[in-house]
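Engineer: Just so it is clear, I am handing over query_39.cif, which has mmCIF, C-alpha atoms.
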```
data_upload
loop_
_atom_site.label_atom_id
_atom_site.label_comp_id
_atom_site.auth_asym_id
_atom_site.auth_seq_id
_atom_site.Cartn_x
_atom_site.Cartn_y
_atom_site.Cartn_z
CA MET A 16 8.09 -26.88 4.51
CA VAL A 17 7.43 -23.15 4.27
CA GLU A 18 3.80 -22.01 3.95
CA LEU A 19 3.16 -19.34 1.32
CA LEU A 20 1.11 -16.27 2.24
CA ASP A 21 -0.90 -16.06 -0.97
CA GLY A 22 -1.82 -12.41 -1.46
CA LYS A 23 -3.09 -13.00 -4.98
CA ALA A 24 -5.77 -15.48 -3.89
CA LEU A 25 -6.84 -13.32 -0.94
CA ALA A 26 -6.99 -10.21 -3.15
CA GLN A 27 -9.24 -12.01 -5.65
CA LYS A 28 -11.56 -13.10 -2.84
CA MET A 29 -11.71 -9.63 -1.27
CA GLN A 30 -12.26 -7.89 -4.62
CA ALA A 31 -15.13 -10.27 -5.44
CA GLU A 32 -16.73 -9.42 -2.07
CA LEU A 33 -16.11 -5.74 -2.70
CA ALA A 34 -17.91 -5.94 -6.06
CA LYS A 35 -21.01 -7.24 -4.22
CA LYS A 36 -20.81 -4.39 -1.69
CA VAL A 37 -20.48 -1.86 -4.52
CA THR A 38 -23.60 -3.28 -6.19
CA GLU A 39 -25.48 -2.89 -2.90
CA LEU A 40 -24.22 0.68 -2.45
CA LYS A 41 -25.50 1.55 -5.92
CA ARG A 42 -28.87 -0.07 -5.19
CA GLN A 43 -29.40 1.57 -1.80
CA HIS A 44 -27.86 5.00 -2.30
CA GLN A 45 -27.36 5.44 -6.07
CA ILE A 46 -23.66 6.05 -5.36
CA VAL A 47 -20.86 4.55 -7.44
CA PRO A 48 -17.41 4.67 -5.78
CA GLY A 49 -15.29 7.08 -7.84
CA LEU A 50 -11.51 6.80 -8.06
CA VAL A 51 -9.19 9.06 -10.05
CA VAL A 52 -5.52 8.23 -10.53
CA ILE A 53 -3.29 11.09 -11.68
CA LEU A 54 -0.18 10.02 -13.56
CA VAL A 55 2.48 12.59 -14.46
CA GLY A 56 5.02 11.65 -17.13
CA ASP A 57 5.86 8.36 -18.81
CA ASP A 58 7.51 6.19 -16.14
CA ALA A 59 7.04 2.63 -17.45
CA ALA A 60 6.67 0.95 -14.04
CA SER A 61 4.12 3.55 -12.92
CA GLN A 62 2.11 3.05 -16.11
CA ILE A 63 1.89 -0.72 -15.54
CA TYR A 64 0.88 -0.22 -11.91
CA VAL A 65 -1.78 2.38 -12.80
CA ARG A 66 -3.17 0.11 -15.52
CA ASN A 67 -3.53 -2.73 -12.99
CA LYS A 68 -5.31 -0.39 -10.57
CA GLU A 69 -7.76 0.75 -13.22
CA ARG A 70 -8.50 -2.81 -14.34
CA ALA A 71 -9.21 -3.92 -10.77
CA ALA A 72 -11.39 -0.86 -10.11
CA HIS A 73 -13.54 -1.45 -13.19
CA ALA A 74 -13.91 -5.14 -12.33
CA ALA A 75 -15.24 -4.17 -8.89
CA GLY A 76 -17.82 -1.82 -10.44
CA PHE A 77 -16.09 1.47 -9.64
CA LYS A 78 -16.16 4.63 -11.69
CA SER A 79 -12.42 4.81 -12.36
CA GLN A 80 -10.40 7.14 -14.51
CA THR A 81 -6.74 7.78 -15.14
CA VAL A 82 -5.62 11.35 -15.82
CA HIS A 83 -2.32 11.22 -17.72
CA LEU A 84 -0.49 14.54 -17.61
CA SER A 85 2.66 15.74 -19.34
CA GLU A 86 5.94 15.55 -17.45
CA SER A 87 6.36 19.28 -18.13
CA ILE A 88 3.21 20.26 -16.20
CA SER A 89 3.87 22.92 -13.56
CA GLN A 90 3.29 22.31 -9.87
CA GLU A 91 0.53 24.94 -9.82
CA GLU A 92 -1.25 23.32 -12.78
CA LEU A 93 -1.11 19.91 -11.10
CA ILE A 94 -2.56 21.33 -7.89
CA ASN A 95 -5.39 22.92 -9.91
CA VAL A 96 -6.20 19.49 -11.42
CA ILE A 97 -6.30 17.99 -7.92
CA MET A 98 -8.56 20.79 -6.66
CA THR A 99 -11.05 20.01 -9.44
CA TYR A 100 -11.41 16.45 -8.12
CA ASN A 101 -11.47 17.63 -4.49
CA ASP A 102 -14.63 19.56 -5.44
CA ASP A 103 -16.20 16.72 -7.47
CA PRO A 104 -18.76 14.85 -5.31
CA SER A 105 -18.69 11.84 -7.65
CA ILE A 106 -15.00 11.25 -6.84
CA HIS A 107 -14.30 9.59 -3.47
CA GLY A 108 -10.65 8.70 -3.91
CA ILE A 109 -7.75 10.70 -5.38
CA LEU A 110 -4.36 9.12 -5.94
CA VAL A 111 -1.33 10.91 -7.38
CA GLN A 112 1.09 8.28 -8.62
CA LEU A 113 4.61 8.70 -7.22
CA PRO A 114 7.39 9.41 -8.04
CA LEU A 115 6.75 12.85 -9.54
CA PRO A 116 9.16 14.80 -11.79
CA ASP A 117 11.97 16.59 -9.95
CA HIS A 118 10.51 20.07 -10.44
CA ILE A 119 7.37 19.15 -8.47
CA ASN A 120 7.40 19.05 -4.65
CA ASP A 121 5.55 15.84 -3.74
CA LYS A 122 4.89 17.06 -0.17
CA LYS A 123 2.97 20.09 -1.48
CA ILE A 124 1.03 17.86 -3.88
CA ILE A 125 0.02 15.47 -1.08
CA LEU A 126 -1.02 18.45 1.07
CA SER A 127 -3.33 19.67 -1.72
CA ILE A 128 -5.41 16.45 -1.69
CA ASP A 129 -8.60 16.53 0.40
CA PRO A 130 -7.71 14.25 3.38
CA SER A 131 -11.12 12.54 3.12
CA LYS A 132 -10.22 11.51 -0.46
CA ASP A 133 -6.57 10.67 0.21
CA VAL A 134 -6.84 6.93 -0.45
CA ASP A 135 -3.04 6.55 -0.34
CA GLY A 136 -3.09 7.70 3.30
CA PHE A 137 -0.11 10.03 2.87
CA HIS A 138 -1.68 13.37 3.92
CA PRO A 139 -0.24 14.56 7.27
CA MET A 140 -3.76 14.65 8.72
CA ASN A 141 -4.22 10.94 7.95
CA THR A 142 -0.72 10.20 9.23
CA GLY A 143 -1.66 11.95 12.47
CA HIS A 144 -4.89 9.96 12.79
CA LEU A 145 -2.91 6.73 12.35
CA TRP A 146 -0.29 7.61 14.96
CA SER A 147 -2.92 8.75 17.47
CA GLY A 148 -4.65 5.39 17.20
CA ARG A 149 -7.65 6.56 15.16
CA PRO A 150 -6.81 5.43 11.63
CA GLN A 151 -8.96 6.63 8.75
CA MET A 152 -7.07 6.53 5.45
CA VAL A 153 -4.05 4.23 5.87
CA PRO A 154 -1.19 3.63 3.40
CA CYS A 155 -2.35 0.73 1.26
CA THR A 156 0.68 -1.58 1.42
CA PRO A 157 0.85 -1.78 5.24
CA ALA A 158 -2.96 -2.10 5.37
CA GLY A 159 -2.77 -4.97 2.87
CA ILE A 160 -0.08 -6.73 4.90
CA MET A 161 -2.29 -6.53 8.01
CA GLU A 162 -5.20 -8.08 6.07
CA LEU A 163 -2.91 -10.85 4.82
CA LEU A 164 -1.64 -11.67 8.32
CA SER A 165 -5.21 -11.65 9.64
CA ALA A 166 -6.43 -13.98 6.87
CA TYR A 167 -3.84 -16.55 7.95
CA SER A 168 -4.89 -16.17 11.62
CA ILE A 169 -1.46 -14.89 12.64
CA SER A 170 -1.67 -13.43 16.14
CA LEU A 171 0.61 -10.43 16.57
CA GLU A 172 0.18 -9.93 20.30
CA GLY A 173 3.53 -10.15 22.06
CA LYS A 174 5.42 -11.02 18.89
CA HIS A 175 8.66 -9.22 18.05
CA ALA A 176 8.19 -7.62 14.65
CA VAL A 177 11.25 -6.24 12.90
CA ILE A 178 10.84 -3.94 9.88
CA ILE A 179 13.66 -3.18 7.45
CA GLY A 180 12.85 0.19 5.86
CA ARG A 181 11.58 3.46 7.35
CA SER A 182 9.66 5.05 4.47
CA ASN A 183 6.41 6.96 4.94
CA ILE A 184 4.86 4.53 2.46
CA VAL A 185 5.64 1.26 4.26
CA GLY A 186 8.01 1.23 7.24
CA LYS A 187 6.63 3.94 9.50
CA PRO A 188 2.89 3.23 9.07
CA MET A 189 3.61 -0.51 9.29
CA ALA A 190 5.20 0.04 12.70
CA GLN A 191 2.13 1.84 14.03
CA LEU A 192 -0.33 -0.78 12.71
CA LEU A 193 1.70 -3.53 14.38
CA LEU A 194 1.91 -1.59 17.65
CA ALA A 195 -1.87 -1.26 17.60
CA LYS A 196 -2.05 -5.08 17.58
CA ASN A 197 0.27 -5.28 20.60
CA ALA A 198 3.38 -6.42 18.77
CA THR A 199 6.79 -5.25 19.97
CA VAL A 200 8.26 -3.35 17.02
CA THR A 201 11.86 -2.65 15.98
CA LEU A 202 12.24 -0.31 13.00
CA THR A 203 15.57 -0.74 11.19
CA HIS A 204 16.94 0.85 8.02
CA SER A 205 19.94 1.26 5.73
CA ARG A 206 22.01 2.99 8.45
CA THR A 207 21.31 0.39 11.16
CA LYS A 208 24.52 -1.19 12.45
CA HIS A 209 24.66 -4.95 13.03
CA LEU A 210 21.37 -5.38 11.18
CA LYS A 211 21.37 -9.17 11.38
CA ALA A 212 21.51 -8.99 15.17
CA PHE A 213 18.05 -7.38 15.04
CA THR A 214 16.51 -9.42 12.23
CA LYS A 215 17.55 -12.72 13.84
CA GLN A 216 15.32 -11.81 16.81
CA ALA A 217 12.23 -11.33 14.65
CA ASP A 218 9.15 -13.51 14.99
CA LEU A 219 7.82 -11.43 12.09
CA LEU A 220 10.24 -9.85 9.60
CA ILE A 221 8.92 -7.27 7.13
CA VAL A 222 11.38 -6.31 4.41
CA ALA A 223 10.90 -3.07 2.46
CA ILE A 224 14.40 -1.88 1.65
CA GLY A 225 14.27 -1.82 -2.17
CA ALA A 226 17.29 -4.05 -2.83
CA GLY A 227 16.86 -7.32 -4.73
CA HIS A 228 17.53 -10.51 -2.71
CA PHE A 229 19.03 -8.43 0.12
CA VAL A 230 17.74 -10.71 2.88
CA THR A 231 19.17 -14.23 2.86
CA LYS A 232 18.57 -17.08 5.30
CA ASP A 233 21.34 -15.89 7.64
CA PHE A 234 19.14 -12.84 8.46
CA VAL A 235 16.22 -15.00 9.56
CA LYS A 236 15.40 -16.85 12.77
CA ALA A 237 14.19 -20.42 12.29
CA GLY A 238 10.39 -20.47 12.13
CA ALA A 239 9.99 -16.73 11.52
CA ILE A 240 7.23 -15.26 9.35
CA VAL A 241 8.73 -13.20 6.52
CA VAL A 242 6.86 -10.58 4.48
CA ASP A 243 8.63 -9.36 1.33
CA VAL A 244 7.49 -5.93 0.14
CA GLY A 245 10.22 -5.58 -2.49
CA MET A 246 9.58 -5.18 -6.22
CA ASN A 247 12.87 -5.23 -8.14
CA ARG A 248 14.10 -6.43 -11.52
CA ASP A 249 17.12 -8.72 -11.83
CA ASP A 250 19.63 -8.61 -14.71
CA ASN A 251 17.25 -10.66 -16.86
CA GLY A 252 14.30 -8.35 -16.19
CA LYS A 253 12.61 -10.89 -13.89
CA LEU A 254 10.57 -9.51 -10.98
CA ILE A 255 12.21 -10.35 -7.66
CA GLY A 256 11.71 -9.33 -4.04
CA ASP A 257 14.00 -7.95 -1.36
CA VAL A 258 14.14 -11.47 0.08
CA ASP A 259 16.12 -14.34 -1.47
CA PHE A 260 13.14 -16.67 -1.65
CA ASP A 261 15.07 -19.90 -2.25
CA SER A 262 17.34 -19.57 0.78
CA VAL A 263 14.87 -17.95 3.20
CA SER A 264 12.20 -20.58 2.45
CA GLN A 265 14.57 -23.11 4.06
CA VAL A 266 14.26 -21.45 7.50
CA ALA A 267 11.01 -19.39 7.54
CA SER A 268 7.70 -20.94 8.58
CA MET A 269 5.66 -18.57 6.37
CA LEU A 270 6.74 -16.37 3.46
CA THR A 271 5.16 -14.10 0.85
CA PRO A 272 6.11 -14.79 -2.78
CA VAL A 273 7.08 -12.08 -5.29
CA PRO A 274 5.02 -11.64 -7.38
CA GLY A 275 1.72 -12.75 -5.85
CA GLY A 276 2.25 -11.74 -2.23
CA VAL A 277 1.98 -8.14 -1.04
CA GLY A 278 1.43 -6.44 -4.44
CA PRO A 279 -2.16 -7.60 -5.10
CA MET A 280 -3.13 -6.65 -1.54
CA THR A 281 -1.96 -3.05 -2.06
CA ILE A 282 -4.40 -2.55 -4.94
CA THR A 283 -7.17 -4.29 -2.98
CA MET A 284 -6.78 -1.89 -0.05
CA LEU A 285 -6.82 1.09 -2.41
CA LEU A 286 -10.22 -0.08 -3.65
CA GLU A 287 -11.45 -0.87 -0.14
CA GLN A 288 -10.56 2.62 1.12
CA THR A 289 -12.25 4.25 -1.88
CA TYR A 290 -15.36 2.19 -1.15
CA GLN A 291 -15.26 3.21 2.54
CA ALA A 292 -14.97 6.88 1.49
CA ALA A 293 -18.03 6.46 -0.75
CA LEU A 294 -19.87 4.80 2.15
CA ARG A 295 -19.11 7.79 4.38
CA ARG A 296 -20.43 10.09 1.65
CA ALA A 297 -23.63 8.01 1.49
CA ALA A 298 -24.07 8.32 5.26
CA LYS A 299 -23.96 12.13 4.98
CA ASN A 300 -26.63 12.27 2.25
#
```
Would you mind writing the structure in this file as structure tokens?
Structural biologist:
Amino acid sequence: MVELLDGKALAQKMQAELAKKVTELKRQHQIVPGLVVILVGDDAASQIYVRNKERAAHAAGFKSQTVHLSESISQEELINVIMTYNDDPSIHGILVQLPLPDHINDKKIILSIDPSKDVDGFHPMNTGHLWSGRPQMVPCTPAGIMELLSAYSISLEGKHAVIIGRSNIVGKPMAQLLLAKNATVTLTHSRTKHLKAFTKQADLLIVAIGAGHFVTKDFVKAGAIVVDVGMNRDDNGKLIGDVDFDSVSQVASMLTPVPGGVGPMTITMLLEQTYQAALRRAAKN
């Protein structure tokens, strides 16, 4: 019988603990963690995600605001908005919701965010800290997966971890976090030949390829731990993962559900990193 890695329950527990820490930060230092989420355009999925972030932030006692900008905003105007929040001492975390409209270069936008407020962990300076073994701001989804594995007392030392997907958001930072815990890591992707030959070796399989039900039980070694990062919609509009849950649950020992697995942990780590940024600000005062 497969054991579910319940990210929703863990996220609720961590956010309740975070709310207590925020109350204490206010009491001791008169500082309220401030998070601003900048949303450009009217992408429906982004709007839902941003709304969930704001709800969680308010519940934890944060000062949270969403800045909704027109899709026609120029790159220079967007950078000016970001600079305003870089200079605002009451804001400790800045997140620009991706994807951005085609006329805006997302790399330049990420570069314009103060690295100490880059709670998404995408700024090259934070990427460099992560790869040099001194993580500060870490991409939230990989950070959330590490918390989930830790909560279930899963030792990573010596395990063979295989990742499907090489994005800067999940695959690459995930590899480094696993290496730091002494796992042996294989990073695969859409151009990998004989993919199943790699995934069948995995003690831990992390799937972030963005294709609904891509991984079936014939990809998975018996007893493997499988983490599904995918968020896709099927033909009926139902939310599904990159992993075919019904078939993979027959062979995996542990598996994240979709929804209720990785997603809630991503938002939790966004809040945690904003809190840590506020804590560092308090230490400087």
Engineer: Near Ala158 in chain A, counting all atoms listed in the file, which residues have an atom at most 8 Å away, once you skip same-chain residues fewer than 4 positions from it, shown as a list in words?
Structural biologist: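 Neighbouring residues, sequence-local ones excluded: Val153, Pro154, Glu162, Met189, Leu192, Thr281 and Met284 of chain A.
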Engineer: Spell out the residues picked by the PyMOL selection byres ((chain A and resi 166) around 12) here, as a list in words.
Structural biologist: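 When the PyMOL selection byres ((chain A and resi 166) around 12) is applied to the shown file, the picked residues are Leu20, Asp21, Gly22, Ala24, Leu25, Ala26, Lys28, Met29, Gly159, Ile160, Met161, Glu162, Leu163, Leu164, Ser165, Tyr167, Ser168, Ile169, Ser170 and Met280 of chain A.
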Engineer: Which residues match the PyMOL selection byres ((chain A and resi 265) around 12) in the file above, as an MDAnalysis selection string?
Structural biologist: chainID A and resid 16:18 231:233 235:241 259:264 266:270
Engineer: Could you name the residues that touch Pro116 in chain A at 9 Å or less, counting all atoms listed in the file, but leaving out those on the same chain fewer than 4 positions away, as a PyMOL selection string?
Structural biologist: chain A and resi 55-56+86-87+120-121
Engineer: Write out the residues from the selection above, keeping C-alpha atoms, as a CSV table (one decimal), in the frame of the given file.
Structural biologist:
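To be explicit, this is the file written out as result_37.csv:
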```csv
chain,number,residue,atom,x,y,z
A,55,VAL,CA,2.5,12.6,-14.5
A,56,GLY,CA,5.0,11.6,-17.1
A,86,GLU,CA,5.9,15.6,-17.4
A,87,SER,CA,6.4,19.3,-18.1
A,120,ASN,CA,7.4,19.0,-4.6
A,121,ASP,CA,5.6,15.8,-3.7
```
Engineer: Please write the residues picked by the PyMOL selection byres ((chain A and resi 64) around 12) on this file as a ChimeraX atom specification.
Structural biologist: /A:52,54,58-63,65-71,81,112-113,246,278-279,281-282
Engineer: Between CA of Ala72 in chain A and CA of Ala292 in chain A, measure the distance and give it in Å to one decimal.
Structural biologist: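 These two atoms are separated by 14.4 Å.
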Engineer: I'd like the contact shell of range 197-207 of chain A - 12 Å cut-off, all atoms listed in the file, skipping same-chain residues fewer than 2 positions apart - returned as a VMD selection string.
Structural biologist: chain A and resid 169 to 182 185 to 195 209 to 226 229
Engineer: Could you check the closest approach to Val134 in chain A for each of A:Leu115, A:Ile106, A:Leu19, A:Phe234 and tell me which residue wins, using only C-alpha atoms?
Structural biologist: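 Going through A:Leu115, A:Ile106, A:Leu19, A:Phe234 one by one, the smallest distance to Val134 in chain A is for A:Ile106.
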Engineer: Using CA of Val277 in chain A and CA of Leu84 in chain A as the two end points, give the distance in Å to one decimal.
Structural biologist: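 About the pair CA of Val277 in chain A and CA of Leu84 in chain A: they are 28.2 Å apart.
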Engineer: For Thr289 in chain A, which residue among A:His107, A:His73, A:His44, A:His83 is the nearest when counting only C-alpha atoms?
Structural biologist: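 Smallest separation from Thr289 in chain A among the options: A:His107.
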Engineer: How far is it from CA of Asp133 in chain A to CA of Ile109 in chain A, in Å with one decimal?
Structural biologist: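 Those two atoms sit 5.7 Å apart.
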Engineer: Which of these, A:Glu91, A:Gly76, A:Gly108, A:Ser85, has the shortest distance to Lys41 in chain A once you count all atoms listed in the file?
Structural biologist: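 With all atoms listed in the file as the atom set, the closest residue is A:Gly76.
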Engineer: What's around Gln151 in chain A at 12 Å? Count only C-alpha atoms, leave out sequence neighbours fewer than 2 positions away in its own chain, and write the answer as a PDB file with C-alpha atoms, in the coordinates of the input.
Structural biologist:
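This went into result36.pdb:
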```pdb
ATOM      1  CA  PRO A 130      -7.710  14.250   3.380  1.00  0.00           C
ATOM      2  CA  SER A 131     -11.120  12.540   3.120  1.00  0.00           C
ATOM      3  CA  LYS A 132     -10.220  11.510  -0.460  1.00  0.00           C
ATOM      4  CA  ASP A 133      -6.570  10.670   0.210  1.00  0.00           C
ATOM      5  CA  VAL A 134      -6.840   6.930  -0.450  1.00  0.00           C
ATOM      6  CA  ASP A 135      -3.040   6.550  -0.340  1.00  0.00           C
ATOM      7  CA  GLY A 136      -3.090   7.700   3.300  1.00  0.00           C
ATOM      8  CA  PHE A 137      -0.110  10.030   2.870  1.00  0.00           C
ATOM      9  CA  HIS A 138      -1.680  13.370   3.920  1.00  0.00           C
ATOM     10  CA  PRO A 139      -0.240  14.560   7.270  1.00  0.00           C
ATOM     11  CA  MET A 140      -3.760  14.650   8.720  1.00  0.00           C
ATOM     12  CA  ASN A 141      -4.220  10.940   7.950  1.00  0.00           C
ATOM     13  CA  THR A 142      -0.720  10.200   9.230  1.00  0.00           C
ATOM     14  CA  GLY A 143      -1.660  11.950  12.470  1.00  0.00           C
ATOM     15  CA  HIS A 144      -4.890   9.960  12.790  1.00  0.00           C
ATOM     16  CA  LEU A 145      -2.910   6.730  12.350  1.00  0.00           C
ATOM     17  CA  TRP A 146      -0.290   7.610  14.960  1.00  0.00           C
ATOM     18  CA  SER A 147      -2.920   8.750  17.470  1.00  0.00           C
ATOM     19  CA  GLY A 148      -4.650   5.390  17.200  1.00  0.00           C
ATOM     20  CA  ARG A 149      -7.650   6.560  15.160  1.00  0.00           C
ATOM     21  CA  VAL A 153      -4.050   4.230   5.870  1.00  0.00           C
ATOM     22  CA  PRO A 154      -1.190   3.630   3.400  1.00  0.00           C
ATOM     23  CA  CYS A 155      -2.350   0.730   1.260  1.00  0.00           C
ATOM     24  CA  ALA A 158      -2.960  -2.100   5.370  1.00  0.00           C
ATOM     25  CA  GLU A 287     -11.450  -0.870  -0.140  1.00  0.00           C
ATOM     26  CA  GLN A 288     -10.560   2.620   1.120  1.00  0.00           C
ATOM     27  CA  THR A 289     -12.250   4.250  -1.880  1.00  0.00           C
ATOM     28  CA  GLN A 291     -15.260   3.210   2.540  1.00  0.00           C
ATOM     29  CA  ALA A 292     -14.970   6.880   1.490  1.00  0.00           C
ATOM     30  CA  ARG A 295     -19.110   7.790   4.380  1.00  0.00           C
TER      31      ARG A 295
END
```
Engineer: Looking at A:Ala293, A:Asp243, A:Leu93, A:Val230, which one is nearest to Ile125 in chain A, with distances taken over only C-alpha atoms?
Structural biologist: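 Result for the nearest residue to Ile125 in chain A: A:Leu93.
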Engineer: Which of these residues is nearest to Val51 in chain A, using all atoms listed in the file: A:Thr38, A:Leu294, A:Gln30, A:Leu286?
Structural biologist: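 Smallest distance to Val51 in chain A is found for A:Leu286.
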Engineer: Using all atoms listed in the file, determine which residues lie at most 6 Å from Gly227 in chain A, disregarding the query and same-chain residues fewer than 2 positions distant; provide the list as a list in words.
Structural biologist: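 After dropping sequence-adjacent residues, the list is Phe229, Asn247, Gly256 and Asp257 of chain A.
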